[in-house]
$ cat structure_34.txt   # compact mmCIF, C-alpha atoms
# COMPACT_ATOMS: atom_id res chain seq x y z
CA MET A 224 -2.46 -47.78 -83.99
CA ALA A 225 0.25 -48.47 -86.53
CA ASP A 226 2.30 -45.75 -84.86
CA PHE A 227 3.11 -48.04 -81.98
CA GLU A 228 3.33 -51.36 -83.82
CA THR A 229 6.43 -50.62 -85.88
CA ALA A 230 8.66 -52.32 -83.31
CA ASN A 231 6.69 -55.53 -83.86
CA GLN A 232 6.98 -55.73 -87.65
CA LEU A 233 8.30 -58.84 -89.32
CA GLY A 234 11.97 -58.89 -90.09
CA GLU A 235 12.92 -56.45 -87.32
CA ALA A 236 15.65 -57.56 -84.97
CA VAL A 237 14.58 -58.82 -81.57
CA ALA A 238 16.48 -58.01 -78.42
CA SER A 239 18.50 -60.90 -77.11
CA PRO A 240 17.79 -61.98 -73.51
CA ALA A 241 21.56 -61.94 -72.93
CA ASN A 242 21.58 -58.18 -73.63
CA ILE A 243 18.75 -57.41 -71.23
CA PRO A 244 19.87 -56.02 -67.85
CA THR A 245 19.00 -58.00 -64.75
CA GLU A 246 16.85 -55.13 -63.50
CA LEU A 247 14.61 -55.56 -66.57
CA SER A 248 14.60 -59.37 -66.64
CA PHE A 249 11.46 -61.38 -67.18
CA GLU A 250 11.24 -62.25 -63.49
CA GLU A 251 11.47 -58.62 -62.39
CA VAL A 252 8.76 -57.53 -64.82
CA ILE A 253 6.43 -60.34 -63.74
CA LYS A 254 6.97 -59.41 -60.08
CA ASN A 255 6.14 -55.80 -61.05
CA ARG A 256 9.40 -54.57 -59.56
CA THR A 257 10.21 -52.41 -62.58
CA ALA A 258 9.16 -48.79 -62.90
CA PRO A 259 7.16 -47.48 -65.90
CA PRO A 260 7.37 -47.81 -68.81
CA CYS A 261 8.62 -51.34 -68.04
CA SER A 262 6.09 -52.33 -65.37
CA LEU A 263 3.75 -55.29 -65.47
CA ASN A 264 0.98 -52.97 -66.59
CA ASP A 265 3.08 -51.81 -69.52
CA PHE A 266 3.97 -55.39 -70.41
CA MET A 267 0.28 -56.27 -70.48
CA ASP A 268 -0.48 -53.19 -72.60
CA TYR A 269 2.24 -54.16 -75.06
CA LEU A 270 0.92 -57.70 -75.39
CA PHE A 271 -2.66 -56.48 -75.74
CA TYR A 272 -2.27 -53.53 -78.09
CA VAL A 273 0.94 -54.23 -80.02
CA GLU A 274 1.76 -57.93 -80.09
CA HIS A 275 -1.86 -59.13 -79.74
CA ASN A 276 -0.82 -61.94 -77.43
CA ALA A 277 -2.26 -60.87 -74.07
CA GLU A 278 -3.84 -64.25 -73.40
CA SER A 279 -0.43 -65.77 -72.66
CA LEU A 280 0.23 -63.36 -69.79
CA GLN A 281 -3.36 -63.51 -68.60
CA PHE A 282 -3.18 -67.28 -68.32
CA PHE A 283 0.33 -67.14 -66.85
CA LEU A 284 -0.73 -64.83 -64.03
CA TRP A 285 -3.86 -66.85 -63.33
CA TYR A 286 -1.90 -70.11 -63.13
CA TYR A 287 0.62 -68.64 -60.74
CA ASP A 288 -2.17 -67.35 -58.49
CA TYR A 289 -3.97 -70.70 -58.78
CA VAL A 290 -0.90 -72.62 -57.55
CA GLN A 291 -0.71 -70.27 -54.58
CA ARG A 292 -4.35 -70.81 -53.71
CA TRP A 293 -4.04 -74.55 -54.22
CA SER A 294 -1.14 -74.68 -51.77
CA GLY A 295 -3.43 -73.23 -49.10
CA LEU A 296 -5.98 -76.06 -49.32
CA LEU A 297 -6.36 -78.66 -46.61
CA PRO A 298 -4.88 -82.12 -47.29
CA ARG A 299 -8.35 -83.68 -47.48
CA GLN A 300 -9.32 -81.14 -50.16
CA LYS A 301 -6.19 -81.82 -52.18
CA ALA A 302 -6.87 -85.55 -52.00
CA LEU A 303 -10.01 -85.02 -54.10
CA SER A 304 -7.91 -83.93 -57.09
CA LEU A 305 -4.77 -85.98 -57.54
CA VAL A 306 -1.77 -85.30 -59.75
CA TRP A 307 -2.47 -85.84 -63.43
CA ASP A 308 -0.02 -88.02 -65.32
CA PRO A 309 -0.61 -88.01 -69.10
CA GLU A 310 1.72 -90.96 -69.68
CA LYS A 311 0.03 -93.02 -67.01
CA ALA A 312 -3.38 -92.14 -68.40
CA SER A 313 -2.55 -93.11 -71.96
CA GLU A 314 -0.73 -96.41 -71.26
CA PRO A 315 -1.91 -99.75 -69.85
CA ARG A 316 -1.27 -100.13 -66.13
CA SER A 317 0.99 -103.16 -66.71
CA ARG A 318 3.36 -101.31 -69.01
CA PHE A 319 6.65 -100.04 -67.57
CA ILE A 320 6.94 -96.24 -67.53
CA THR A 321 10.12 -94.25 -67.13
CA TYR A 322 9.88 -91.07 -65.15
CA SER A 323 13.08 -89.25 -66.15
CA HIS A 324 11.36 -86.84 -68.54
CA LYS A 325 8.60 -86.27 -66.02
CA ARG A 326 11.13 -85.39 -63.37
CA ALA A 327 12.70 -82.88 -65.75
CA ARG A 328 9.35 -81.23 -66.32
CA SER A 329 8.66 -81.18 -62.58
CA GLN A 330 12.05 -79.60 -61.89
CA LYS A 331 11.39 -76.96 -64.50
CA MET A 332 8.05 -76.18 -62.88
CA ASN A 333 9.64 -75.93 -59.44
CA LYS A 334 12.27 -73.59 -60.86
CA ILE A 335 9.60 -71.35 -62.40
CA ILE A 336 7.70 -71.16 -59.14
CA SER A 337 10.82 -70.42 -57.10
CA ILE A 338 11.85 -67.67 -59.52
CA MET A 339 8.45 -66.05 -59.16
CA GLU A 340 8.43 -66.33 -55.36
CA MET A 341 7.34 -63.11 -53.74
CA GLU A 342 8.43 -61.64 -50.43
CA SER A 343 6.24 -62.40 -47.46
CA ALA A 344 6.08 -58.70 -46.67
CA ARG A 345 3.49 -56.93 -48.76
CA SER A 346 4.70 -54.00 -50.85
CA PRO A 347 2.79 -51.34 -52.87
CA GLU A 348 4.18 -52.81 -56.09
CA ASP A 349 2.99 -56.33 -55.33
CA PRO A 350 0.87 -57.28 -58.37
CA PHE A 351 -0.88 -60.19 -56.72
CA ARG A 352 -3.53 -60.46 -54.05
CA ASP A 353 -2.67 -61.29 -50.45
CA GLN A 354 -2.13 -64.98 -49.79
CA GLU A 355 -1.74 -66.36 -46.30
CA SER A 356 0.65 -68.98 -47.59
CA ARG A 357 2.88 -66.57 -49.56
CA ALA A 358 5.87 -67.11 -47.28
CA SER A 359 5.83 -70.86 -47.83
CA ILE A 360 4.93 -70.92 -51.54
CA SER A 361 8.20 -72.42 -52.73
CA SER A 362 8.06 -75.52 -50.56
CA SER A 363 4.32 -76.02 -50.91
CA ALA A 364 4.38 -75.53 -54.70
CA SER A 365 7.16 -78.10 -54.95
CA SER A 366 5.16 -80.67 -53.04
CA ILE A 367 2.13 -80.04 -55.23
CA ILE A 368 3.73 -79.95 -58.65
CA SER A 369 6.54 -82.49 -58.23
CA ARG A 370 5.19 -85.72 -59.68
CA PRO A 371 7.88 -88.17 -58.53
CA ARG A 372 6.73 -87.69 -54.95
CA THR A 373 3.29 -88.96 -55.84
CA PRO A 374 2.88 -92.74 -55.71
CA PRO A 375 1.96 -94.32 -59.03
CA SER A 376 -1.19 -95.73 -57.49
CA ALA A 377 -2.42 -92.23 -56.76
CA VAL A 378 -2.17 -91.03 -60.38
CA LEU A 379 -5.43 -90.72 -62.24
CA SER A 380 -6.19 -92.49 -65.45
CA PRO A 381 -9.35 -92.60 -67.55
CA THR A 382 -9.75 -96.32 -66.84
CA GLU A 383 -9.95 -95.61 -63.13
CA SER A 384 -12.66 -93.00 -63.47
CA THR A 385 -15.38 -95.66 -63.74
CA LYS A 386 -14.52 -97.42 -60.50
CA GLY A 387 -16.95 -97.29 -57.62
CA GLU A 388 -14.62 -95.41 -55.28
CA TRP A 389 -14.26 -92.47 -57.70
CA GLN A 390 -15.61 -89.24 -56.19
CA PRO A 391 -17.92 -87.05 -58.29
CA PHE A 392 -15.99 -84.36 -60.13
CA THR A 393 -18.28 -81.64 -58.80
CA ILE A 394 -16.82 -81.87 -55.27
CA GLN A 395 -13.27 -81.24 -56.42
CA PRO A 396 -11.84 -77.90 -55.27
CA PHE A 397 -12.00 -75.08 -57.81
CA ARG A 398 -13.95 -77.25 -60.25
CA ASP A 399 -16.05 -74.35 -61.57
CA GLU A 400 -12.97 -72.16 -61.99
CA ILE A 401 -11.03 -74.82 -63.90
CA SER A 402 -14.01 -75.35 -66.20
CA ARG A 403 -14.19 -71.62 -66.90
CA VAL A 404 -10.45 -71.44 -67.60
CA VAL A 405 -10.70 -74.33 -70.04
CA ARG A 406 -13.55 -72.62 -71.87
CA GLN A 407 -11.65 -69.31 -71.81
CA TYR A 408 -8.15 -70.41 -72.88
CA ILE A 409 -7.90 -74.09 -73.83
CA ALA A 410 -10.99 -75.10 -75.83
CA GLU A 411 -11.02 -74.82 -79.61
CA SER A 412 -13.69 -72.09 -79.49
CA ALA A 413 -12.14 -70.24 -76.54
CA PRO A 414 -12.31 -66.43 -76.82
CA ARG A 415 -8.72 -66.16 -75.56
CA GLN A 416 -7.36 -69.33 -77.07
CA LEU A 417 -3.73 -70.09 -76.28
CA ASN A 418 -1.40 -71.06 -79.10
CA LEU A 419 -1.04 -74.72 -78.12
CA ALA A 420 -0.05 -77.74 -80.14
CA PRO A 421 -2.95 -80.16 -80.75
CA LYS A 422 -1.35 -82.74 -78.46
CA ASP A 423 -0.94 -80.28 -75.60
CA ARG A 424 -4.48 -79.02 -76.05
CA ASP A 425 -5.93 -82.52 -75.99
CA ASN A 426 -3.91 -83.43 -72.90
CA CYS A 427 -5.14 -80.36 -71.05
CA LEU A 428 -8.75 -80.97 -72.02
CA ARG A 429 -8.63 -84.57 -70.91
CA ALA A 430 -6.78 -83.79 -67.69
CA ALA A 431 -9.20 -81.01 -66.74
CA GLN A 432 -12.08 -83.50 -67.01
CA HIS A 433 -10.57 -85.69 -64.29
CA THR A 434 -8.76 -83.37 -61.88
CA THR A 435 -8.40 -79.77 -60.82
CA HIS A 436 -4.79 -80.27 -59.72
CA PRO A 437 -2.44 -77.60 -61.18
CA SER A 438 -0.65 -80.35 -63.09
CA ALA A 439 -3.73 -80.70 -65.32
CA LEU A 440 -2.87 -77.44 -67.11
CA LEU A 441 0.89 -77.64 -66.68
CA SER A 442 1.51 -78.14 -70.40
CA ALA A 443 -0.39 -74.96 -71.26
CA PHE A 444 1.48 -73.03 -68.58
CA LEU A 445 4.90 -74.14 -69.84
CA VAL A 446 3.98 -73.12 -73.39
CA ALA A 447 2.78 -69.70 -72.24
CA GLU A 448 5.87 -69.22 -70.07
CA ALA A 449 8.26 -70.15 -72.88
CA ASN A 450 6.49 -67.82 -75.30
CA LEU A 451 6.56 -64.90 -72.87
CA ARG A 452 10.14 -65.41 -71.76
CA SER A 453 11.88 -66.09 -75.07
CA HIS A 454 9.74 -64.09 -77.50
CA SER A 455 7.47 -61.45 -76.00
CA HIS A 456 9.66 -60.12 -73.19
CA PRO A 457 12.77 -59.34 -75.33
CA LYS A 458 10.60 -57.58 -77.90
CA PHE A 459 8.84 -55.66 -75.11
CA ILE A 460 12.14 -54.38 -73.71
CA ARG A 461 13.24 -53.26 -77.16
CA TRP A 462 9.86 -51.59 -77.68
CA THR A 463 10.11 -49.65 -74.42
CA THR A 464 13.48 -48.16 -75.40
CA SER A 465 11.62 -46.21 -78.07
CA ASN A 466 10.40 -42.87 -76.70
CA SER A 467 8.50 -41.68 -79.77
CA ASN A 468 5.64 -42.79 -81.96
CA HIS A 469 5.89 -43.60 -85.64
CA ALA A 470 4.81 -40.13 -86.82
CA ARG A 471 7.53 -38.42 -84.80
CA ILE A 472 10.18 -40.92 -85.93
CA VAL A 473 9.31 -40.29 -89.59
CA PHE A 474 9.49 -36.56 -88.93
CA LEU A 475 12.92 -36.94 -87.32
CA ARG A 476 14.18 -38.98 -90.25
CA ILE A 477 13.04 -36.25 -92.63
CA ILE A 478 14.80 -33.59 -90.53
CA GLY A 479 18.00 -35.65 -90.40
CA THR A 480 17.92 -36.29 -94.15
CA LEU A 481 17.37 -32.59 -94.87
CA LEU A 482 20.33 -31.62 -92.71
CA VAL A 483 22.57 -34.09 -94.52
CA LEU A 484 21.35 -32.86 -97.91
CA LEU A 485 21.86 -29.24 -96.90
CA GLY A 486 25.40 -30.11 -95.87
CA ILE A 487 26.02 -31.77 -99.22
CA GLY A 488 24.57 -28.78 -101.06
CA LEU A 489 26.70 -26.32 -99.09
CA ASP A 490 29.76 -28.46 -99.71
CA MET A 491 29.08 -28.48 -103.46
CA ILE A 492 28.77 -24.70 -103.52
CA ILE A 493 32.07 -24.26 -101.68
CA ILE A 494 33.80 -26.80 -103.97
CA LEU A 495 32.64 -24.98 -107.10
CA SER A 496 33.70 -21.62 -105.70
CA ARG A 497 37.17 -20.15 -105.31
CA GLN A 498 37.03 -20.21 -101.53
CA SER A 499 39.64 -21.96 -99.43
CA HIS A 500 39.34 -25.70 -98.90
CA PHE A 501 39.08 -25.15 -95.16
CA PHE A 502 35.68 -23.48 -95.55
CA ARG A 503 34.33 -26.94 -96.32
CA ILE A 504 34.74 -27.85 -92.65
CA VAL A 505 31.60 -25.76 -92.03
CA CYS A 506 29.57 -28.62 -93.53
CA LEU A 507 30.44 -30.69 -90.47
CA VAL A 508 27.97 -28.53 -88.51
CA LEU A 509 25.16 -29.90 -90.67
CA TRP A 510 26.37 -33.44 -91.26
CA TRP A 511 27.06 -34.41 -87.66
CA PRO A 512 23.63 -33.46 -86.21
CA GLY A 513 21.83 -34.81 -89.26
CA LEU A 514 23.53 -38.20 -89.17
CA THR A 515 23.13 -38.42 -85.38
CA ILE A 516 19.40 -37.77 -85.64
CA LEU A 517 19.09 -40.33 -88.44
CA ILE A 518 20.94 -43.06 -86.54
CA ALA A 519 18.94 -42.44 -83.35
CA ALA A 520 15.69 -42.39 -85.34
CA CYS A 521 16.56 -45.79 -86.79
CA LYS A 522 16.42 -47.01 -83.16
CA SER A 523 13.07 -45.22 -82.72
CA LEU A 524 14.63 -42.74 -80.31
CA CYS A 525 14.22 -38.98 -80.20
CA ILE A 526 17.32 -37.33 -78.75
CA VAL A 527 15.44 -34.20 -77.66
CA LEU A 528 12.95 -36.21 -75.63
CA HIS A 529 15.75 -38.31 -74.20
CA PHE A 530 17.67 -35.30 -72.90
CA ASN A 531 14.42 -34.10 -71.31
CA GLY A 532 13.94 -37.50 -69.66
CA ALA A 533 10.55 -37.95 -71.31
CA ARG A 534 8.69 -40.16 -73.73
CA GLN A 535 5.55 -39.74 -75.78
CA LEU A 536 2.33 -41.16 -74.41
CA ARG A 537 0.91 -44.27 -76.00
CA PRO A 538 -2.53 -43.74 -77.57
CA TRP A 539 -4.33 -45.64 -74.80
CA GLU A 540 -2.43 -43.68 -72.14
CA TRP A 541 -3.46 -40.43 -73.76
CA VAL A 542 -7.14 -41.30 -73.39
CA GLU A 543 -6.61 -42.59 -69.83
CA ASP A 544 -5.09 -39.23 -69.00
CA ILE A 545 -8.18 -37.45 -70.28
CA GLU A 546 -10.51 -39.79 -68.40
CA GLN A 547 -8.58 -39.34 -65.16
CA GLN A 548 -8.51 -35.56 -65.56
CA ASP A 549 -12.24 -35.54 -66.33
CA ALA A 550 -12.83 -37.45 -63.13
CA ASP A 551 -10.81 -34.84 -61.24
CA ASP A 552 -12.67 -32.05 -62.99
CA SER A 553 -16.01 -33.46 -61.85
CA SER A 554 -15.03 -33.18 -58.17
CA PRO A 555 -16.77 -30.33 -56.22
CA SER A 556 -13.45 -28.76 -55.22
CA PHE A 557 -12.35 -28.25 -58.83
CA THR A 558 -13.64 -25.58 -61.20
CA PRO A 559 -12.55 -26.34 -64.77
CA THR A 560 -11.50 -23.55 -67.06
CA GLU A 561 -12.24 -23.38 -70.74
CA LYS A 562 -8.78 -24.72 -71.50
CA ASP A 563 -9.24 -27.62 -69.10
CA ARG A 564 -12.41 -28.69 -70.92
CA ASP A 565 -10.40 -29.35 -74.05
CA GLY A 566 -9.19 -32.92 -73.81
CA SER A 567 -6.26 -32.29 -76.14
CA LYS A 568 -4.80 -29.71 -73.70
CA HIS A 569 -4.75 -31.99 -70.70
CA SER A 570 -1.27 -32.42 -69.32
CA TYR A 571 0.12 -35.77 -68.34
CA ARG A 572 1.73 -34.10 -65.34
CA HIS A 573 -1.75 -33.79 -63.79
CA HIS A 574 -2.31 -37.49 -64.25
CA CYS A 575 -2.36 -39.79 -61.25
CA ARG A 576 0.68 -41.70 -62.50
CA LYS A 577 3.34 -39.30 -61.21
CA ASP A 578 5.50 -42.00 -59.74
CA THR A 579 5.95 -45.72 -59.71
CA GLN A 580 3.53 -46.48 -56.91
CA SER A 581 0.71 -44.18 -58.03
CA SER A 582 0.20 -46.12 -61.26
CA LEU A 583 -0.99 -49.08 -59.20
CA SER A 584 -2.39 -47.41 -56.09
CA SER A 585 -4.71 -45.22 -58.14
CA ARG A 586 -6.36 -48.34 -59.54
CA GLY A 587 -5.92 -50.76 -56.68
CA ALA A 588 -3.40 -53.54 -56.21
CA ASP A 589 -4.60 -55.64 -59.13
CA PRO A 590 -2.06 -55.36 -61.98
CA LEU A 591 -4.71 -56.30 -64.53
CA ARG A 592 -6.35 -52.92 -64.12
CA LYS A 593 -8.44 -53.01 -67.29
CA THR A 594 -11.71 -54.89 -67.43
CA SER A 595 -10.73 -56.46 -70.73
CA LEU A 596 -7.48 -57.75 -69.19
CA GLN A 597 -8.95 -59.68 -66.28
CA THR A 598 -8.60 -63.46 -66.17
CA PHE A 599 -12.14 -63.96 -67.42
CA GLY A 600 -13.66 -61.71 -70.02
CA PRO A 601 -14.42 -61.24 -73.71
CA LYS A 602 -12.02 -61.71 -76.57
CA ASN A 603 -8.97 -59.46 -76.47
CA ASP A 604 -10.09 -56.73 -78.85
CA TYR A 605 -9.36 -53.02 -78.50
CA SER A 606 -11.15 -51.81 -81.66
CA ARG A 607 -14.17 -50.65 -79.64
CA GLU A 608 -12.23 -48.86 -76.93
CA GLN A 609 -12.57 -45.10 -76.69
CA TRP A 610 -8.97 -44.26 -77.48
CA PHE A 611 -9.01 -46.13 -80.78
CA ALA A 612 -11.44 -43.72 -82.44
CA LEU A 613 -10.10 -40.60 -80.71
CA TYR A 614 -6.50 -41.23 -81.64
CA ARG A 615 -7.34 -41.86 -85.29
CA ARG A 616 -8.95 -38.42 -85.44
CA LYS A 617 -5.79 -36.67 -84.23
CA SER A 618 -3.96 -34.66 -86.85
CA LEU A 619 -0.42 -35.44 -87.96
CA ALA A 620 0.91 -32.39 -86.12
CA GLN A 621 -0.79 -33.50 -82.89
CA ARG A 622 0.76 -36.95 -83.20
CA ILE A 623 4.23 -35.52 -83.82
CA VAL A 624 4.11 -33.17 -80.84
CA GLY A 625 1.87 -35.22 -78.55
CA GLU A 626 1.80 -35.41 -74.78
CA THR A 627 4.85 -36.64 -72.91
CA ALA A 628 5.50 -38.49 -69.67
CA PRO A 629 8.67 -38.89 -67.61
CA VAL A 630 10.77 -42.03 -68.02
CA GLN A 631 10.87 -43.35 -64.46
CA ASN A 632 12.97 -46.46 -65.04
CA ALA A 633 16.65 -45.71 -64.44
CA THR A 634 17.84 -48.91 -66.12
CA LEU A 635 15.87 -48.08 -69.25
CA ARG A 636 17.46 -44.64 -69.23
CA LEU A 637 20.88 -46.29 -69.28
CA LEU A 638 19.90 -48.33 -72.34
CA GLN A 639 18.75 -45.17 -74.05
CA ASP A 640 21.97 -43.40 -73.00
CA ARG A 641 23.96 -46.12 -74.75
CA THR A 642 21.88 -45.75 -77.91
CA VAL A 643 22.36 -41.98 -77.94
CA PHE A 644 26.08 -42.30 -77.27
CA PHE A 645 26.63 -44.62 -80.22
CA ALA A 646 24.41 -42.42 -82.40
CA VAL A 647 26.55 -39.37 -81.59
CA LEU A 648 29.76 -41.39 -82.00
CA TRP A 649 28.91 -42.92 -85.35
CA GLY A 650 27.35 -39.68 -86.56
CA GLY A 651 30.56 -37.83 -85.74
CA LEU A 652 32.76 -40.44 -87.39
CA MET A 653 30.71 -40.47 -90.59
CA ALA A 654 30.49 -36.68 -90.70
CA SER A 655 34.25 -36.39 -90.15
CA GLY A 656 34.87 -38.88 -92.94
CA LEU A 657 32.72 -36.85 -95.34
CA THR A 658 34.50 -33.65 -94.33
CA VAL A 659 37.98 -35.12 -94.81
CA ALA A 660 36.98 -36.55 -98.20
CA SER A 661 35.63 -33.15 -99.22
CA LEU A 662 38.95 -31.48 -98.43
CA PHE A 663 40.70 -33.49 -101.14
CA VAL A 664 38.24 -32.56 -103.88
CA PRO A 665 39.79 -29.90 -106.16
CA SER A 666 38.01 -26.54 -106.39
CA GLY A 667 35.93 -25.76 -109.45
CA MET A 668 36.96 -22.10 -109.48
CA ILE A 669 33.67 -21.19 -111.19
CA PHE A 670 32.63 -18.25 -109.00
CA LEU A 671 33.79 -16.40 -105.96

$ encode --input "structure_34.txt" --output "structure tokens"
Amino acid sequence: MADFETANQLGEAVASPANIPTELSFEEVIKNRTAPPCSLNDFMDYLFYVEHNAESLQFFLWYYDYVQRWSGLLPRQKALSLVWDPEKASEPRSRFITYSHKRARSQKMNKIISIMEMESARSPEDPFRDQESRASISSSASSIISRPRTPPSAVLSPTESTKGEWQPFTIQPFRDEISRVVRQYIAESAPRQLNLAPKDRDNCLRAAQHTTHPSALLSAFLVAEANLRSHSHPKFIRWTTSNSNHARIVFLRIIGTLLVLLGIGLDMIIILSRQSHFFRIVCLVLWWPGLTILIAACKSLCIVLHFNGARQLRPWEWVEDIEQQDADDSSPSFTPTEKDRDGSKHSYRHHCRKDTQSSLSSRGADPLRKTSLQTFGPKNDYSREQWFALYRRKSLAQRIVGETAPVQNATLRLLQDRTVFFAVLWGGLMASGLTVASLFVPSGMIFL
């Protein structure tokens, strides 16, 4: 597993959001409008297997879907769960309250919802379920989330919960679902506990006891959104630019170092001989490729794979490929050969994910295709998954060679093109500098 976690090590530079193309922005990834390996599925895999922070995206996607479903409720159903105001709940009713900071939070929420707005026409890449109110989500979400539109008298407070006109909490819409979400993500003992400040956690717990309005968990949503947008997404984009695993990168660095050393050794032999100075230019043939490979490997990029338009499979993808092929092999119309029965010889080209749409259509429209990545489920832990044990048993040679898959994202290819270009450029400049410096070294005249 360490092969694919090197991009997440401490001290490694993180991609700046300003350097991320618009086609790979956070909004595009969340809408699942990006092709593999930058799709929403891949983002979830990265958070689950590499960054170990999948609960943020799981909660984020649930909250977005919850706001959509809430917007489709009847007015009488919404009236059972009013907007939650933490300031109003924690202060006496006679105390003056300013609403400027609340308006700012409401505007931020409206902006998030509008950014995530989906087209009314359903597409194969749509990661969310059908919603009858999808076309009007922006306006309806604004009316739900925007607190300033709600009269102060309609805001809940703990002191009001004991009054005779208070409706039982059990008749509030989505009460059971909110309770499950709190136990899953907010509570101290939650299996997928979000990284919330104690104040935000307490506010969410208290709000969820009084209302099922989306504003009850707004603080948790804003924390998850900020974490995904400013931290996880830039690191994910940088991680996807790598087309090789750790074993292959180490192998490439060894090859590059050997080429540079061979060039130095050849240069020393020519310097000590009586041959012409111009024979030392031959060392450029070794230095330039060696330095280029080394520079590209420092960016976790294999130039050979890049020119082939491919990348190595992640460990979990390798096992998924085997499982999918086994399912195809079990069909009556398919007679497996002896080679096909060997899981290590299965080709990714036979896998169902041949294009952008097939990666979702083969598993349905739900982007959270794995059982462990659904909204509700056990703790995010991959140590008992099948691929974890199988991949650890692979030899070093198998990891270096490995199965490959095509890079379908054109924008990602452009980022890789830029990395390769600068690797070739800087490799050539450094190799030329070494060659020119070698020309000025006097000959040793020791042997022919």

$ closest_atom_pairs --input "structure_34.txt" --of "region 410-460 of chain A" --to "region 300-309 of chain A" --cutoff "6 Å" --atoms "only C-alpha atoms" --output "Markdown table"
| residue | atom | partner | partner_atom | distance |
| --- | --- | --- | --- | --- |
| A:Thr434 | CA | A:Ser304 | CA | 4.9 |
| A:Thr435 | CA | A:Ser304 | CA | 5.6 |
| A:His436 | CA | A:Ser304 | CA | 5.5 |
| A:Ser438 | CA | A:Trp307 | CA | 5.8 |
| A:Ala439 | CA | A:Trp307 | CA | 5.6 |

$ closest_residue --input "structure_34.txt" --among "A:Tyr289, A:Val405, A:Glu274, A:Arg452" --to "Glu251 (chain A)" --atoms "only C-alpha atoms"
A:Arg452

$ residues_around --input "structure_34.txt" --residues "region 511-514 of chain A" --least-positions-apart "4" --cutoff "6 Å" --atoms "all atoms listed in the file" --output "PyMOL selection string"
chain A and resi 479+482-483+507+650-651+654

$ atom_distance --input "structure_34.txt" --atom1 "CA of Gly656 (chain A)" --atom2 "CA of Trp510 (chain A)"
10.2 Å

$ residues_around --input "structure_34.txt" --residues "Thr642 (chain A)" --least-positions-apart "3" --cutoff "9 Å" --atoms "all atoms listed in the file" --output "ChimeraX atom specification"
/A:519,522,524,637-639,645-647

$ atom_distance --input "structure_34.txt" --atom1 "CA of Asn264 (chain A)" --atom2 "CA of Thr245 (chain A)"
18.8 Å

$ residues_near_point --input "structure_34.txt" --point "(-7.7, -82.9, -71.9)" --cutoff "12 Å" --atoms "all atoms listed in the file" --output "ChimeraX atom specification"
/A:307-309,312-313,380-381,401-402,405-406,409-411,421-435,438-443

$ write_last_selection --input "structure_34.txt" --atoms "C-alpha atoms" --output "short mmCIF file (atom, residue, chain, number, x, y, z; two decimals), in the coordinates of the input"
data_model
loop_
_atom_site.label_atom_id
_atom_site.label_comp_id
_atom_site.auth_asym_id
_atom_site.auth_seq_id
_atom_site.Cartn_x
_atom_site.Cartn_y
_atom_site.Cartn_z
CA TRP A 307 -2.47 -85.84 -63.43
CA ASP A 308 -0.02 -88.02 -65.32
CA PRO A 309 -0.61 -88.01 -69.10
CA ALA A 312 -3.38 -92.14 -68.40
CA SER A 313 -2.55 -93.11 -71.96
CA SER A 380 -6.19 -92.49 -65.45
CA PRO A 381 -9.35 -92.60 -67.55
CA ILE A 401 -11.03 -74.82 -63.90
CA SER A 402 -14.01 -75.35 -66.20
CA VAL A 405 -10.70 -74.33 -70.04
CA ARG A 406 -13.55 -72.62 -71.87
CA ILE A 409 -7.90 -74.09 -73.83
CA ALA A 410 -10.99 -75.10 -75.83
CA GLU A 411 -11.02 -74.82 -79.61
CA PRO A 421 -2.95 -80.16 -80.75
CA LYS A 422 -1.35 -82.74 -78.46
CA ASP A 423 -0.94 -80.28 -75.60
CA ARG A 424 -4.48 -79.02 -76.05
CA ASP A 425 -5.93 -82.52 -75.99
CA ASN A 426 -3.91 -83.43 -72.90
CA CYS A 427 -5.14 -80.36 -71.05
CA LEU A 428 -8.75 -80.97 -72.02
CA ARG A 429 -8.63 -84.57 -70.91
CA ALA A 430 -6.78 -83.79 -67.69
CA ALA A 431 -9.20 -81.01 -66.74
CA GLN A 432 -12.08 -83.50 -67.01
CA HIS A 433 -10.57 -85.69 -64.29
CA THR A 434 -8.76 -83.37 -61.88
CA THR A 435 -8.40 -79.77 -60.82
CA SER A 438 -0.65 -80.35 -63.09
CA ALA A 439 -3.73 -80.70 -65.32
CA LEU A 440 -2.87 -77.44 -67.11
CA LEU A 441 0.89 -77.64 -66.68
CA SER A 442 1.51 -78.14 -70.40
CA ALA A 443 -0.39 -74.96 -71.26
#

$ atom_distance --input "structure_34.txt" --atom1 "CA of Leu417 (chain A)" --atom2 "CA of Lys602 (chain A)"
11.8 Å

$ closest_residue --input "structure_34.txt" --among "A:Ala413, A:Leu247, A:Ile492, A:Val505" --to "Ser655 (chain A)" --atoms "only C-alpha atoms"
A:Val505

$ closest_atom_pairs --input "structure_34.txt" --of "region 416-512 of chain A" --to "region 621-625 of chain A" --cutoff "12 Å" --atoms "only C-alpha atoms" --output "CSV"
residue,atom,partner,partner_atom,distance
A:Asn466,CA,A:Gly625,CA,11.6
A:Ser467,CA,A:Ile623,CA,8.5
A:Asn468,CA,A:Ile623,CA,7.6
A:His469,CA,A:Ile623,CA,8.4
A:Ala470,CA,A:Ile623,CA,5.5
A:Arg471,CA,A:Ile623,CA,4.5
A:Ile472,CA,A:Ile623,CA,8.3
A:Val473,CA,A:Ile623,CA,9.0
A:Phe474,CA,A:Ile623,CA,7.4
A:Leu475,CA,A:Ile623,CA,9.5

$ axis_aligned_box --input "structure_34.txt" --around "region 519-533 of chain A" --padding-each-side "8 Å" --output "lines of an AutoDock Vina configuration file"
center_x = 14.7
center_y = -40.6
center_z = -78.2
size_x = 24.4
size_y = 28.9
size_z = 33.1
